[in-house]
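What follows is data_37.cif (mmCIF, C-alpha atoms).
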```
data_query
loop_
_atom_site.label_atom_id
_atom_site.label_comp_id
_atom_site.auth_asym_id
_atom_site.auth_seq_id
_atom_site.Cartn_x
_atom_site.Cartn_y
_atom_site.Cartn_z
CA MET A 1356 101.30 95.42 116.89
CA ALA A 1357 101.69 92.34 119.11
CA ASN A 1358 98.63 93.39 121.10
CA ASN A 1359 96.72 93.74 117.84
CA GLU A 1360 97.73 90.21 116.86
CA ASP A 1361 96.59 88.94 120.27
CA GLU A 1362 93.26 90.67 119.80
CA ALA A 1363 92.85 88.96 116.42
CA LEU A 1364 93.47 85.55 118.01
CA ARG A 1365 91.08 86.38 120.86
CA ARG A 1366 88.37 87.18 118.34
CA MET A 1367 89.16 83.98 116.42
CA THR A 1368 88.62 82.04 119.67
CA LYS A 1369 85.25 83.72 120.09
CA LEU A 1370 84.37 82.95 116.48
CA VAL A 1371 85.31 79.27 116.77
CA ASN A 1372 83.36 78.93 120.03
CA SER A 1373 80.27 80.41 118.39
CA ILE A 1374 80.54 77.98 115.48
CA PHE A 1375 81.15 75.07 117.87
CA ALA A 1376 77.99 75.95 119.81
CA ARG A 1377 75.75 75.69 116.74
CA ALA A 1378 73.59 72.59 116.68
CA ASP A 1379 74.43 71.85 113.05
CA SER A 1380 78.20 71.92 113.68
CA GLY A 1381 78.08 68.42 115.21
CA PRO A 1382 79.69 66.62 112.24
CA PHE A 1383 82.68 68.99 112.39
CA ARG A 1384 83.44 69.03 116.13
CA GLU A 1385 85.65 65.94 116.21
CA PRO A 1386 87.93 64.20 113.68
CA VAL A 1387 86.10 62.06 111.12
CA ASP A 1388 86.05 58.49 112.49
CA TRP A 1389 86.54 56.98 109.06
CA ARG A 1390 87.15 53.45 110.40
CA GLU A 1391 83.92 53.43 112.40
CA LEU A 1392 82.03 54.83 109.41
CA GLY A 1393 83.66 52.44 106.96
CA LEU A 1394 85.08 55.30 104.88
CA TYR A 1395 88.34 53.52 104.06
CA ASP A 1396 89.13 55.81 101.16
CA TYR A 1397 88.91 58.92 103.37
CA PRO A 1398 92.65 59.07 104.27
CA LYS A 1399 93.50 58.68 100.59
CA VAL A 1400 91.26 61.56 99.52
CA ILE A 1401 91.88 63.88 102.49
CA LYS A 1402 95.60 64.39 103.05
CA LYS A 1403 95.33 66.70 106.10
CA MET A 1404 92.37 66.13 108.42
CA MET A 1405 91.02 68.95 110.54
CA ASP A 1406 88.07 69.58 112.87
CA LEU A 1407 86.69 72.30 115.13
CA GLY A 1408 87.78 70.53 118.32
CA THR A 1409 91.40 70.48 117.15
CA VAL A 1410 91.28 74.17 116.20
CA LYS A 1411 89.71 75.01 119.58
CA ARG A 1412 92.46 73.17 121.49
CA LYS A 1413 95.23 74.77 119.41
CA LEU A 1414 93.79 78.20 120.22
CA GLU A 1415 93.61 77.37 123.94
CA ARG A 1416 97.24 76.18 123.89
CA HIS A 1417 98.38 79.26 121.95
CA GLN A 1418 99.71 77.14 119.09
CA TYR A 1419 98.73 79.66 116.42
CA LYS A 1420 101.11 82.55 115.85
CA THR A 1421 98.60 84.51 113.79
CA ALA A 1422 94.88 84.54 113.08
CA LYS A 1423 95.77 83.73 109.47
CA GLU A 1424 97.14 80.32 110.54
CA CYS A 1425 93.94 79.61 112.46
CA ALA A 1426 91.80 80.68 109.50
CA GLN A 1427 93.68 78.27 107.23
CA ASP A 1428 92.81 75.35 109.52
CA ILE A 1429 89.17 76.41 109.75
CA ARG A 1430 88.89 76.62 105.97
CA LEU A 1431 90.45 73.16 105.78
CA ILE A 1432 87.53 71.72 107.78
CA TRP A 1433 84.94 72.95 105.29
CA ASN A 1434 87.05 72.30 102.20
CA ASN A 1435 87.82 68.74 103.29
CA CYS A 1436 84.09 68.09 103.62
CA LYS A 1437 83.40 69.59 100.20
CA THR A 1438 86.23 67.59 98.66
CA TYR A 1439 85.07 64.22 100.00
CA ASN A 1440 81.32 64.64 99.61
CA ALA A 1441 79.47 64.96 96.32
CA ASP A 1442 78.64 68.44 95.06
CA GLY A 1443 75.08 69.26 96.11
CA SER A 1444 74.91 66.64 98.88
CA ASP A 1445 73.67 67.59 102.37
CA PHE A 1446 77.17 67.58 103.86
CA TYR A 1447 78.58 69.56 100.92
CA LEU A 1448 75.92 72.25 101.24
CA LEU A 1449 76.33 72.37 105.02
CA ALA A 1450 80.09 72.91 104.71
CA GLU A 1451 79.58 75.51 101.99
CA GLY A 1452 77.25 77.48 104.26
CA PHE A 1453 79.70 77.35 107.16
CA LEU A 1454 82.54 78.47 104.91
CA LYS A 1455 80.61 81.48 103.64
CA ARG A 1456 79.58 82.57 107.12
CA PHE A 1457 83.13 82.15 108.38
CA GLU A 1458 84.62 84.25 105.55
CA ASP A 1459 82.10 87.03 106.18
CA ARG A 1460 83.04 87.23 109.86
CA TYR A 1461 86.77 86.79 109.23
CA LYS A 1462 86.76 89.78 106.87
CA LYS A 1463 85.63 91.96 109.78
CA ILE A 1464 88.51 90.69 111.92
CA GLN A 1465 90.92 91.35 109.05
CA ALA A 1466 89.65 94.89 108.72
CA GLU A 1467 90.12 95.70 112.40
CA CYS A 1468 93.10 93.59 113.52
CA ASP A 1469 96.50 92.34 112.40
CA THR A 1470 95.68 88.82 111.25
CA GLY A 1471 99.00 88.14 109.55
CA ASP A 1472 97.48 88.80 106.12
CA ASN A 1473 99.08 92.25 105.92
CA GLU A 1474 101.94 90.99 103.78
CA GLY A 1475 99.49 90.06 101.05
CA LYS A 1476 97.70 93.39 101.39
CA GLN A 1477 100.99 95.29 101.11
CA LYS A 1478 101.95 93.27 98.05
CA ALA A 1479 98.60 94.02 96.41
CA LEU A 1480 98.99 97.71 97.28
CA PHE A 1481 102.48 97.73 95.76
CA CYS A 1482 101.15 96.09 92.57
CA ASP A 1483 98.39 98.71 92.33
CA LYS A 1484 100.88 101.54 92.74
CA GLU A 1485 103.20 99.97 90.19
CA GLN A 1486 100.34 99.63 87.69
CA ILE A 1487 99.39 103.30 88.17
CA SER A 1488 103.03 104.28 87.74
CA ASN A 1489 103.24 102.31 84.47
CA LEU A 1490 100.10 103.97 83.15
CA ASP A 1491 101.49 107.39 84.00
CA ALA A 1492 104.76 106.56 82.25
CA LYS A 1493 102.93 105.43 79.10
CA ALA A 1494 100.76 108.54 79.09
CA LYS A 1495 103.83 110.75 79.43
CA PHE A 1496 105.63 108.82 76.69
CA ALA A 1497 102.65 109.14 74.30
CA SER A 1498 102.47 112.86 74.99
CA ASN A 1499 106.19 113.38 74.35
CA LEU A 1500 105.99 111.63 70.98
CA PHE A 1501 104.24 114.72 69.62
CA ARG A 1502 107.28 116.81 70.49
CA LEU A 1503 109.77 114.69 68.54
CA SER A 1504 111.26 115.83 65.26
CA GLY A 1505 110.64 113.87 62.08
CA MET A 1506 114.02 112.14 62.32
CA GLU A 1507 113.54 111.26 65.99
CA LEU A 1508 110.04 109.97 65.37
CA GLY A 1509 111.38 107.92 62.47
CA HIS A 1510 113.87 106.27 64.84
CA VAL A 1511 111.08 105.41 67.28
CA MET A 1512 108.86 103.93 64.57
CA HIS A 1513 111.76 101.99 63.05
CA LEU A 1514 112.56 100.33 66.36
CA ILE A 1515 108.89 99.53 67.00
CA ASP A 1516 108.55 98.11 63.48
CA ILE A 1517 111.50 95.76 64.12
CA ARG A 1518 110.72 94.75 67.70
CA CYS A 1519 106.90 94.78 67.91
CA PRO A 1520 105.22 95.66 64.60
CA GLN A 1521 101.81 94.88 66.12
CA ALA A 1522 102.08 98.23 67.91
CA LEU A 1523 101.88 100.08 64.56
CA GLU A 1524 98.28 100.33 63.38
CA GLN A 1525 96.56 101.82 60.38
CA PRO A 1526 93.99 104.43 61.48
CA ASP A 1527 90.32 104.17 60.66
CA PRO A 1528 89.92 106.17 57.40
CA THR A 1529 86.32 107.04 58.28
CA ALA A 1530 87.24 108.61 61.62
CA GLU A 1531 87.94 112.31 61.93
CA SER A 1532 91.54 113.14 62.73
CA PRO A 1533 91.84 115.11 66.01
CA VAL A 1534 93.36 118.54 65.67
CA ASP A 1535 96.25 117.63 67.98
CA LYS A 1536 97.34 114.69 65.77
CA PHE A 1537 99.58 114.75 62.74
CA ALA A 1538 97.59 114.26 59.54
CA THR A 1539 99.40 112.88 56.50
CA GLU A 1540 98.63 110.31 53.85
CA SER A 1541 101.25 107.96 55.32
CA GLU A 1542 100.23 108.34 58.95
CA VAL A 1543 100.03 105.34 61.28
CA GLU A 1544 98.99 105.04 64.89
CA ILE A 1545 101.33 103.88 67.64
CA ASN A 1546 99.55 101.73 70.20
CA VAL A 1547 101.73 102.34 73.25
CA ASP A 1548 100.12 99.51 75.23
CA ALA A 1549 101.19 97.01 72.56
CA ILE A 1550 104.90 97.82 72.97
CA ASP A 1551 106.75 95.15 74.98
CA SER A 1552 108.40 96.23 78.24
CA ARG A 1553 112.01 95.95 77.04
CA THR A 1554 111.36 98.04 73.93
CA PHE A 1555 109.26 100.54 75.87
CA THR A 1556 112.04 101.05 78.43
CA GLU A 1557 114.56 101.69 75.65
CA LEU A 1558 112.25 104.06 73.77
CA GLU A 1559 111.24 105.88 76.93
CA ARG A 1560 114.92 106.52 77.73
CA TYR A 1561 115.53 107.74 74.17
CA VAL A 1562 112.55 110.11 74.23
CA LYS A 1563 113.51 111.48 77.66
CA GLU A 1564 117.00 112.24 76.37
CA LYS A 1565 115.53 114.16 73.43
CA MET A 1566 113.15 116.06 75.71
CA ASN A 1567 116.02 117.02 78.02
CA ALA A 1568 117.97 118.20 74.98
CA ARG A 1569 114.94 120.31 73.98
CA SER A 1570 114.88 121.89 77.43
CA ASN A 1571 118.59 122.63 77.30
CA GLY A 1572 118.35 123.95 73.74
CA THR A 1573 120.98 121.49 72.48
CA SER A 1574 118.90 119.39 70.09
CA ASP A 1575 120.15 119.22 66.50
CA ASP A 1576 116.62 118.68 65.21
CA LEU A 1577 114.81 121.68 66.69
CA ALA A 1578 114.15 123.24 63.29
CA GLU A 1579 113.41 120.00 61.47
CA ASP A 1580 110.12 119.76 59.60
CA HIS A 1581 107.71 117.31 61.24
CA GLY A 1582 105.79 116.72 58.01
CA HIS A 1583 107.92 113.82 56.79
CA GLY A 1584 107.06 110.31 57.91
CA SER A 1585 104.82 111.65 60.66
CA ALA A 1586 102.59 109.45 62.76
CA LYS A 1587 99.54 109.58 64.96
CA LYS A 1588 100.34 108.54 68.49
CA LYS A 1589 97.60 106.77 70.33
CA GLN A 1590 97.61 105.26 73.79
CA LYS A 1591 94.97 102.62 74.34
CA ARG A 1592 93.81 102.00 77.90
#
```

Target encoding structure tokens, full file:
Amino acid sequence: MANNEDEALRRMTKLVNSIFARADSGPFREPVDWRELGLYDYPKVIKKMMDLGTVKRKLERHQYKTAKECAQDIRLIWNNCKTYNADGSDFYLLAEGFLKRFEDRYKKIQAECDTGDNEGKQKALFCDKEQISNLDAKAKFASNLFRLSGMELGHVMHLIDIRCPQALEQPDPTAESPVDKFATESEVEINVDAIDSRTFTELERYVKEKMNARSNGTSDDLAEDHGHGSAKKKQKR
């Protein structure tokens, strides 16, 4: 992994050198001489100054631990320029162009090397997996609602009505009722996505217990009629 990190920094050095060699990078090669230019408000507006020459020297002296640290300094050069100069001005547009080109090339380095951004990628991957897991849990919960007895379903709806009544919806009277839904005059729809996390966790545990009891043949409500107080269960994505 260390070699991969070194390769990322080597490629960052090559990238910075190529930017430095461009004729239009002149304004960014050295620190802004705000005294010479009479820009006395510059230190007040720009809290951390940065330039290509400084980045180049830090790379040569191995002062960056990761390519990510180097990228942050490079972005600072362009963002400082955009912050100080008026939107649409020549310097603003020049910095914007450099920033876009840099990001395009940095993405390639990120894709092929360890730039130090992996922690963020892993976090995003974990969030994606967690979101998929939550969707699966809700789908399973919605499916199991159809297997509850009237009394069990009544308990679920009572708790939802107390905790998050917005999750109980009246169905569209003009819509056809699917064959796999309960159809009664008093039916309501349960919007699973509208149930808050605390209530969902409690209801999910309750429903799982009832399903396990079904599997073990120990439920007291196996023969109960589902026609009383029945509901349509609907999961909205």

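Computed from the coordinates, the CA of Thr1421 (chain A) to CA of Tyr1397 (chain A) distance equals 29.3 Å.
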
For Met1404 (chain A), the nearest of the candidates A:Tyr1461, A:Phe1375, A:Tyr1439, A:Tyr1419, counting all atoms listed in the file | A:Tyr1439

Test item: residues at most 12 Å from Leu1364 (chain A), only C-alpha atoms, excluding those fewer than 6 positions along its chain, as a PyMOL selection string = chain A and resi 1357-1358+1370-1371+1410-1411+1413-1426+1461+1464-1465+1468-1471

Please measure the separation of CA of Phe1496 (chain A) and CA of Tyr1561 (chain A), giving the value in Å to one decimal.
-> 10.3 Å

If you count all atoms listed in the file, which residues fall within 10 Å of region 1443-1455 of chain A, apart from same-chain ones fewer than 5 positions away, as a ChimeraX atom specification?
-> /A:1374,1379-1380,1382-1383,1429-1438,1460-1461

On this structure, which residues satisfy the PyMOL selection byres ((chain A and resi 1389) around 12), written as a ChimeraX atom specification?
-> /A:1385-1388,1390-1401,1404,1439

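Taking all atoms listed in the file into account, Phe1501 (chain A) lies nearest to A:Lys1565 out of the set A:Arg1366, A:Lys1403, A:Arg1377, A:Lys1565.
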
Exercise: region 1548-1557 of chain A partners within 12 Å, all atoms listed in the file, chain neighbours under 6 positions left out, as a PyMOL selection string | chain A and resi 1489-1494+1496-1497+1510-1524+1563-1564+1588-1592

To one decimal in Å, tell me the separation between CA of Lys1462 (chain A) and CA of Asp1442 (chain A).
-> 25.7 Å
